[in-house]
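Q: Quick one: the structure is below, questions incoming.
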Amino acid sequence: MSDDSPEKPPERPSEPTMDMLDKRLREARGRAQESAPKKSDKNQPPGSALGLAMRVGVELVSALAIGVAIGWLLDRWLGTRPWLMLVFIFLGGAAGILNVYRMASGFGYAVGYQNDDTPGDGSRDDDTRNEG
């Protein structure tokens, strides 16, 4: 304790440096990218007609049910029975049809109703349309 210099802990000879850690991280990321399956039509399971029909049915029924529920609740709250329920039945039906149209067109739920332009997703290109 008579020494004025602070004691340093002994350094380990195999302590990893930032460069070594960076190199190991790059190698691990490279291996992960090589082993990841590429997304293309060949790697995707074919969509069944039954699955598509179920999705269309669920889209329509759920949108209509939500419209009926909102209309019924507003009618009870405001005492306007049955007018708001009729309005929201039509709005729910229109929302369900819009959802099915977007699904069939390839728009999905993208922001701004834009097509997903990732390669191999099966969406149609704007360049392939006949505009003449």
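So you can find residues: chains in the structure tokens are A, B, ... in the order shown, residues in each start at 1, and ligands are numbered from 1 in order.
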Could you name the residues that touch Leu91 in chain A at 9 Å or less, counting only C-alpha atoms, but leaving out those on the same chain fewer than 4 positions away, as a compact mmCIF listing (two decimals) with N, CA and C atoms, in the first residue's frame?

A:
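To be explicit, this is the file written out as result-v5.txt:
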# COMPACT_ATOMS: atom_id res chain seq x y z
N ALA A 63 -65.99 -7.68 -41.91
CA ALA A 63 -66.27 -6.26 -42.16
C ALA A 63 -67.75 -5.97 -41.98
N LEU A 64 -68.60 -6.85 -42.44
CA LEU A 64 -70.04 -6.66 -42.28
C LEU A 64 -70.45 -6.74 -40.82
N GLY A 67 -69.48 -3.56 -39.07
CA GLY A 67 -70.40 -2.49 -39.44
C GLY A 67 -71.73 -2.61 -38.71
N LEU A 86 -78.46 0.54 -40.51
CA LEU A 86 -78.56 0.34 -41.96
C LEU A 86 -77.39 1.02 -42.68
N VAL A 87 -77.06 2.22 -42.26
CA VAL A 87 -75.93 2.93 -42.88
C VAL A 87 -74.64 2.14 -42.70
N ALA A 95 -66.63 -1.91 -47.17
CA ALA A 95 -65.26 -2.15 -46.68
C ALA A 95 -64.82 -3.58 -46.96
N GLY A 96 -65.72 -4.54 -46.79
CA GLY A 96 -65.38 -5.94 -47.07
C GLY A 96 -65.08 -6.15 -48.54

Q: Please indicate the distance in Å from CA of Ala53 in chain A to CA of Val100 in chain A, rounded to one decimal place.

A: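 We find that CA of Ala53 in chain A and CA of Val100 in chain A lie 10.4 Å from each other.
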
Q: Record the distance separating CA of Val68 in chain A and CA of Arg81 in chain A, expressed in Å with one decimal.

A: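 We find that CA of Val68 in chain A and CA of Arg81 in chain A lie 12.2 Å from each other.
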
Q: Using only C-alpha atoms, pick whichever of A:Val58, A:Met85, A:Met103, A:Leu25 has the shortest atom-to-atom distance to Gly71 in chain A.

A: A:Met85

Q: Which residues are near Ile66 in chain A? Cut-off 9 Å, only C-alpha atoms, ignore same chain within fewer than 3 positions. Put them as a PyMOL selection string.

A: chain A and resi 61-63+69-71+88-89+92
